[in-house]
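This is coords.txt (compact mmCIF, C-alpha atoms).
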```
# COMPACT_ATOMS: atom_id res chain seq x y z
CA MET A 950 10.35 3.75 54.55
CA LYS A 951 12.78 6.15 52.84
CA ARG A 952 13.50 3.47 50.22
CA THR A 953 9.77 3.07 49.48
CA ILE A 954 9.34 6.82 49.03
CA LEU A 955 12.47 7.03 46.83
CA PHE A 956 11.37 4.03 44.75
CA SER A 957 7.83 5.46 44.35
CA GLY A 958 9.30 8.81 43.26
CA ILE A 959 11.52 7.19 40.63
CA ILE A 960 8.63 5.10 39.29
CA SER A 961 6.33 8.13 39.06
CA ILE A 962 8.99 9.99 37.04
CA LEU A 963 9.65 7.07 34.67
CA LEU A 964 6.07 5.95 33.99
CA PRO A 965 4.90 8.99 31.99
CA SER A 966 7.92 8.63 29.67
CA CYS A 967 7.05 4.96 29.00
CA SER A 968 3.81 5.73 27.21
CA THR A 969 1.96 3.06 25.24
CA HIS A 970 0.73 5.66 22.74
CA GLU A 971 0.61 4.13 19.27
CA VAL A 972 2.39 6.04 16.51
CA GLU A 973 0.00 7.35 13.87
CA LYS A 974 0.14 5.31 10.65
CA SER A 975 0.62 6.89 7.23
CA HIS A 976 -2.17 6.55 4.64
CA LEU A 977 -1.16 8.99 1.86
CA LEU A 978 -2.35 7.96 -1.64
CA GLU A 979 -2.58 10.70 -4.26
CA TYR A 980 -2.72 10.96 -8.05
CA ARG A 981 -4.10 12.94 -10.95
CA ASN A 982 -7.10 11.46 -12.75
CA ASN A 983 -7.30 13.05 -16.22
CA GLY A 984 -5.44 16.02 -14.73
CA VAL A 985 -7.66 16.43 -11.63
CA TYR A 986 -5.89 15.94 -8.29
CA SER A 987 -7.29 13.14 -6.11
CA SER A 988 -6.31 12.02 -2.64
CA ALA A 989 -7.56 8.99 -0.73
CA LYS A 990 -6.85 7.14 2.47
CA GLY A 991 -4.45 4.42 1.33
CA TYR A 992 -3.63 0.94 2.57
CA ALA A 993 -0.70 -1.34 1.73
CA ILE A 994 -0.31 -5.07 2.30
CA LYS A 995 2.68 -7.22 1.39
CA TYR A 996 1.66 -10.85 1.06
CA THR A 997 4.42 -13.44 1.19
CA ALA A 998 3.40 -16.65 -0.58
CA TYR A 999 4.94 -19.92 0.55
CA LYS A 1000 4.83 -23.37 -1.04
CA ASN A 1001 6.17 -26.32 0.96
CA SER A 1002 7.71 -23.83 3.44
CA VAL A 1003 9.68 -22.13 0.64
CA LYS A 1004 9.11 -18.43 -0.11
CA LYS A 1005 7.80 -18.25 -3.71
CA SER A 1006 6.56 -14.72 -4.26
CA TYR A 1007 5.47 -11.39 -2.88
CA ILE A 1008 2.18 -9.82 -3.77
CA TRP A 1009 1.90 -6.10 -3.15
CA ASN A 1010 -1.63 -4.73 -2.72
CA ILE A 1011 -1.99 -0.96 -2.60
CA TYR A 1012 -5.51 0.40 -2.45
CA GLY A 1013 -7.48 3.45 -1.50
CA SER A 1014 -10.98 4.20 -0.36
CA GLY A 1015 -13.29 7.10 -0.97
CA GLY A 1016 -15.83 8.16 -3.60
CA ASP A 1017 -13.60 6.71 -6.30
CA SER A 1018 -11.42 3.77 -5.33
CA ILE A 1019 -8.24 2.31 -6.76
CA SER A 1020 -6.70 -1.11 -6.17
CA MET A 1021 -3.27 -2.18 -7.45
CA TRP A 1022 -2.08 -5.83 -7.33
CA VAL A 1023 1.58 -6.42 -8.08
CA PRO A 1024 2.91 -10.00 -7.97
CA ASP A 1025 6.69 -10.50 -7.78
CA THR A 1026 8.18 -13.97 -8.17
CA THR A 1027 11.73 -12.55 -8.30
CA LEU A 1028 11.41 -11.39 -4.65
CA VAL A 1029 13.66 -8.40 -5.45
CA LYS A 1030 12.04 -6.42 -8.27
CA ASN A 1031 10.91 -2.84 -7.66
CA THR A 1032 9.78 -1.53 -11.08
CA TYR A 1033 6.87 -3.17 -12.89
CA ALA A 1034 5.66 -2.33 -16.39
CA TYR A 1035 2.19 -3.35 -17.55
CA PRO A 1036 1.11 -6.24 -17.79
CA ALA A 1037 3.20 -7.26 -14.74
CA PHE A 1038 0.52 -5.74 -12.46
CA SER A 1039 -3.23 -5.20 -12.45
CA VAL A 1040 -5.24 -2.14 -11.51
CA MET A 1041 -8.95 -1.74 -10.89
CA TYR A 1042 -10.40 1.74 -10.62
CA ARG A 1043 -14.05 2.12 -9.55
CA THR A 1044 -15.81 5.46 -9.85
CA SER A 1045 -18.48 6.71 -7.45
CA ASP A 1046 -21.09 5.98 -10.17
CA SER A 1047 -19.93 2.30 -10.37
CA ARG A 1048 -17.95 2.42 -13.62
CA ILE A 1049 -15.02 -0.01 -13.50
CA TYR A 1050 -11.70 0.54 -15.29
CA HIS A 1051 -8.72 -1.77 -15.74
CA ALA A 1052 -5.14 -0.83 -16.65
CA THR A 1053 -4.01 -1.23 -20.26
CA SER A 1054 -0.55 0.33 -19.91
CA GLY A 1055 1.63 2.06 -17.35
CA GLU A 1056 4.22 1.56 -14.66
CA PHE A 1057 4.28 0.89 -10.92
CA ARG A 1058 7.42 1.44 -8.80
CA LEU A 1059 8.32 0.66 -5.22
CA LEU A 1060 10.66 3.42 -4.05
CA GLY A 1061 11.53 2.00 -0.65
CA LEU A 1062 10.56 1.44 2.92
CA GLN A 1063 10.97 4.33 5.37
CA VAL A 1064 10.59 3.08 8.95
CA SER A 1065 7.25 1.20 8.49
CA ASP A 1066 5.96 3.18 5.50
CA LEU A 1067 6.07 1.84 1.93
CA GLU A 1068 6.72 4.52 -0.69
CA GLY A 1069 6.08 4.27 -4.40
CA ASP A 1070 4.76 5.93 -7.52
CA PHE A 1071 2.65 4.95 -10.52
CA HIS A 1072 0.98 6.06 -13.74
CA PHE A 1073 -1.57 4.18 -15.87
CA LYS A 1074 -3.87 4.31 -18.84
CA LEU A 1075 -7.18 2.61 -17.95
CA LYS A 1076 -10.14 1.44 -20.04
CA ASN A 1077 -13.75 1.12 -18.96
CA VAL A 1078 -14.72 -2.57 -18.79
CA ALA A 1079 -18.23 -1.91 -20.19
CA ASN A 1080 -17.23 0.73 -22.77
CA PRO A 1081 -13.73 0.43 -24.32
CA ASN A 1082 -14.11 3.93 -25.83
CA ASP A 1083 -14.13 5.37 -22.30
CA SER A 1084 -10.67 5.73 -20.78
CA LEU A 1085 -8.86 7.42 -17.91
CA THR A 1086 -5.26 8.49 -17.48
CA ILE A 1087 -3.79 8.32 -13.98
CA THR A 1088 -0.59 10.39 -13.64
CA GLU A 1089 1.63 11.64 -10.83
CA GLY A 1090 0.53 8.79 -8.56
CA TYR A 1091 2.37 8.63 -5.27
CA PHE A 1092 1.93 6.82 -1.96
CA THR A 1093 3.46 6.71 1.51
CA ILE A 1094 1.50 4.11 3.42
CA TYR A 1095 2.05 2.07 6.58
CA LEU A 1096 2.89 -1.44 5.34
CA GLN A 1097 1.06 -4.45 6.76
CA TYR A 1098 2.41 -7.98 6.30
CA GLN A 1099 0.49 -11.21 5.71
CA ASP A 1100 1.54 -14.75 4.78
CA SER A 1101 -0.22 -17.02 2.33
CA LEU A 1102 0.18 -20.72 1.57
CA LEU A 1103 0.04 -21.85 -2.06
CA ALA A 1104 -1.66 -25.13 -2.96
CA LYS A 1105 0.69 -28.07 -3.27
```
Would you write out, as structure tokens, the structure that this file holds?
Amino acid sequence: MKRTILFSGIISILLPSCSTHEVEKSHLLEYRNNGVYSSAKGYAIKYTAYKNSVKKSYIWNIYGSGGDSISMWVPDTTLVKNTYAYPAFSVMYRTSDSRIYHATSGEFRLLGLQVSDLEGDFHFKLKNVANPNDSLTITEGYFTIYLQYQDSLLAK
């Protein structure tokens, strides 16, 4: 009986410290659009592409949601690169009034992985797809986002 009480006491002390509470994930994506500060909830996915069971490339997808949205696709066949100059990446920027812009110059950098968060920075010049005389400049772009992983199989 004393053992049962002692065991129950130890269990009741230990259980609260063994919480299953999930750690909050980072979603910071911020930049200046023609000098105006913007912040969005960001997402990051690292795709690993395999062909015949051999790792062939990584594809980094960083994107944000909100009134205006940005999506950056960065393929890396070297599997080690961390700085990408245009045209080694693609960017699509969609405004709340449905104008679509694509990158015409710029740079995207992966700064590292802190715990489970991918960090990086970027800057771009973008042109409107429907009106090449309309452009945007994205500067001071920065992200710290929880990184998700997905695998992909390339066609044989």
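Of the listed residues (A:Lys995, A:Asp1100, A:Leu1067, A:Gly1013), A:Leu1067 comes nearest to Lys974 of chain A; the distances count only C-alpha atoms.
Between atom CA of Glu1068 of chain A and atom CA of Tyr996 of chain A the interatomic distance comes to 16.3 Å.
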Open item on the list: Could you list, as a VMD selection string, every residue within 12 Å of Pro1081 of chain A, counting all atoms listed in the file and ignoring same-chain residues fewer than 6 positions away?
Closed with: chain A and resid 1048 to 1053 1074 to 1075
Dump C-alpha atoms for the selected residues as a PDB file, keeping the file's coordinate frame?
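Okay, selection-v1.pdb is ready:
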```
ATOM      1  CA  ARG A1048     -17.950   2.420 -13.620  1.00  0.00           C
ATOM      2  CA  ILE A1049     -15.020  -0.010 -13.500  1.00  0.00           C
ATOM      3  CA  TYR A1050     -11.700   0.540 -15.290  1.00  0.00           C
ATOM      4  CA  HIS A1051      -8.720  -1.770 -15.740  1.00  0.00           C
ATOM      5  CA  ALA A1052      -5.140  -0.830 -16.650  1.00  0.00           C
ATOM      6  CA  THR A1053      -4.010  -1.230 -20.260  1.00  0.00           C
ATOM      7  CA  LYS A1074      -3.870   4.310 -18.840  1.00  0.00           C
ATOM      8  CA  LEU A1075      -7.180   2.610 -17.950  1.00  0.00           C
TER       9      LEU A1075
END
```
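Of the listed residues (A:Gln1097, A:Ser1006, A:Ser1054, A:Gln1063), A:Gln1097 comes nearest to Tyr992 of chain A; the distances count only C-alpha atoms.
Between Val1029 of chain A and the candidates A:Leu1059, A:Leu1085, A:Val1003, A:Val985, the tightest atom-to-atom separation, counting only C-alpha atoms, involves A:Leu1059.
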Model the absent atoms of segment 1065-1091 of chain A so that N, CA, C and O atoms are present, and write the result as a compact mmCIF listing (two decimals), in the coordinates of the input.
```
# COMPACT_ATOMS: atom_id res chain seq x y z
N SER A 1065 8.27 2.20 8.80
CA SER A 1065 7.25 1.20 8.49
C SER A 1065 6.38 1.59 7.31
O SER A 1065 5.37 0.96 7.04
N ASP A 1066 6.76 2.66 6.60
CA ASP A 1066 5.96 3.18 5.50
C ASP A 1066 6.54 2.77 4.15
O ASP A 1066 7.72 2.99 3.88
N LEU A 1067 5.68 2.19 3.30
CA LEU A 1067 6.07 1.84 1.93
C LEU A 1067 5.84 3.06 1.05
O LEU A 1067 4.79 3.68 1.11
N GLU A 1068 6.84 3.39 0.23
CA GLU A 1068 6.72 4.52 -0.69
C GLU A 1068 6.80 4.02 -2.12
O GLU A 1068 7.54 3.07 -2.42
N GLY A 1069 6.04 4.66 -3.00
CA GLY A 1069 6.08 4.27 -4.40
C GLY A 1069 5.38 5.29 -5.27
O GLY A 1069 4.79 6.26 -4.77
N ASP A 1070 5.47 5.06 -6.58
CA ASP A 1070 4.76 5.93 -7.52
C ASP A 1070 4.21 5.08 -8.67
O ASP A 1070 4.58 3.92 -8.84
N PHE A 1071 3.31 5.69 -9.45
CA PHE A 1071 2.65 4.95 -10.52
C PHE A 1071 2.02 5.90 -11.52
O PHE A 1071 1.79 7.08 -11.24
N HIS A 1072 1.76 5.38 -12.72
CA HIS A 1072 0.98 6.06 -13.74
C HIS A 1072 0.39 4.98 -14.64
O HIS A 1072 1.03 3.95 -14.90
N PHE A 1073 -0.86 5.19 -15.09
CA PHE A 1073 -1.57 4.18 -15.87
C PHE A 1073 -2.48 4.81 -16.91
O PHE A 1073 -2.96 5.92 -16.72
N LYS A 1074 -2.76 4.04 -17.91
CA LYS A 1074 -3.87 4.31 -18.84
C LYS A 1074 -4.87 3.20 -18.51
O LYS A 1074 -4.51 2.03 -18.41
N LEU A 1075 -6.15 3.57 -18.31
CA LEU A 1075 -7.18 2.61 -17.95
C LEU A 1075 -8.35 2.68 -18.92
O LEU A 1075 -8.68 3.76 -19.41
N LYS A 1076 -8.96 1.52 -19.17
CA LYS A 1076 -10.14 1.44 -20.04
C LYS A 1076 -11.34 0.96 -19.23
O LYS A 1076 -11.22 0.10 -18.36
N ASN A 1077 -12.50 1.51 -19.58
CA ASN A 1077 -13.75 1.12 -18.96
C ASN A 1077 -14.09 -0.30 -19.42
O ASN A 1077 -14.05 -0.60 -20.61
N VAL A 1078 -14.41 -1.18 -18.48
CA VAL A 1078 -14.72 -2.57 -18.79
C VAL A 1078 -15.96 -2.66 -19.69
O VAL A 1078 -16.00 -3.46 -20.62
N ALA A 1079 -16.98 -1.86 -19.43
CA ALA A 1079 -18.23 -1.91 -20.19
C ALA A 1079 -18.19 -1.10 -21.47
O ALA A 1079 -18.98 -1.35 -22.38
N ASN A 1080 -17.29 -0.13 -21.59
CA ASN A 1080 -17.23 0.73 -22.77
C ASN A 1080 -15.77 1.02 -23.10
O ASN A 1080 -15.19 1.97 -22.56
N PRO A 1081 -15.16 0.25 -24.00
CA PRO A 1081 -13.73 0.43 -24.32
C PRO A 1081 -13.37 1.80 -24.89
O PRO A 1081 -12.21 2.17 -24.93
N ASN A 1082 -14.39 2.57 -25.33
CA ASN A 1082 -14.11 3.93 -25.83
C ASN A 1082 -13.94 4.93 -24.70
O ASN A 1082 -13.52 6.06 -24.92
N ASP A 1083 -14.26 4.53 -23.48
CA ASP A 1083 -14.13 5.37 -22.30
C ASP A 1083 -12.82 5.02 -21.59
O ASP A 1083 -12.61 3.87 -21.22
N SER A 1084 -11.95 6.00 -21.42
CA SER A 1084 -10.67 5.73 -20.78
C SER A 1084 -10.31 6.82 -19.78
O SER A 1084 -10.86 7.92 -19.81
N LEU A 1085 -9.40 6.49 -18.89
CA LEU A 1085 -8.86 7.42 -17.91
C LEU A 1085 -7.34 7.37 -17.98
O LEU A 1085 -6.76 6.35 -18.33
N THR A 1086 -6.71 8.46 -17.60
CA THR A 1086 -5.26 8.49 -17.48
C THR A 1086 -4.92 8.91 -16.05
O THR A 1086 -5.29 10.00 -15.62
N ILE A 1087 -4.24 8.03 -15.34
CA ILE A 1087 -3.79 8.32 -13.98
C ILE A 1087 -2.31 8.71 -14.08
O ILE A 1087 -1.50 7.93 -14.58
N THR A 1088 -1.98 9.92 -13.62
CA THR A 1088 -0.59 10.39 -13.64
C THR A 1088 -0.20 10.88 -12.26
O THR A 1088 -1.05 11.07 -11.39
N GLU A 1089 1.08 11.08 -12.07
CA GLU A 1089 1.63 11.64 -10.83
C GLU A 1089 1.14 10.90 -9.59
O GLU A 1089 0.93 11.51 -8.54
N GLY A 1090 0.95 9.58 -9.71
CA GLY A 1090 0.53 8.79 -8.56
C GLY A 1090 1.66 8.62 -7.57
O GLY A 1090 2.81 8.37 -7.96
N TYR A 1091 1.36 8.76 -6.31
CA TYR A 1091 2.37 8.63 -5.27
C TYR A 1091 1.71 8.10 -4.00
O TYR A 1091 0.56 8.42 -3.71
```
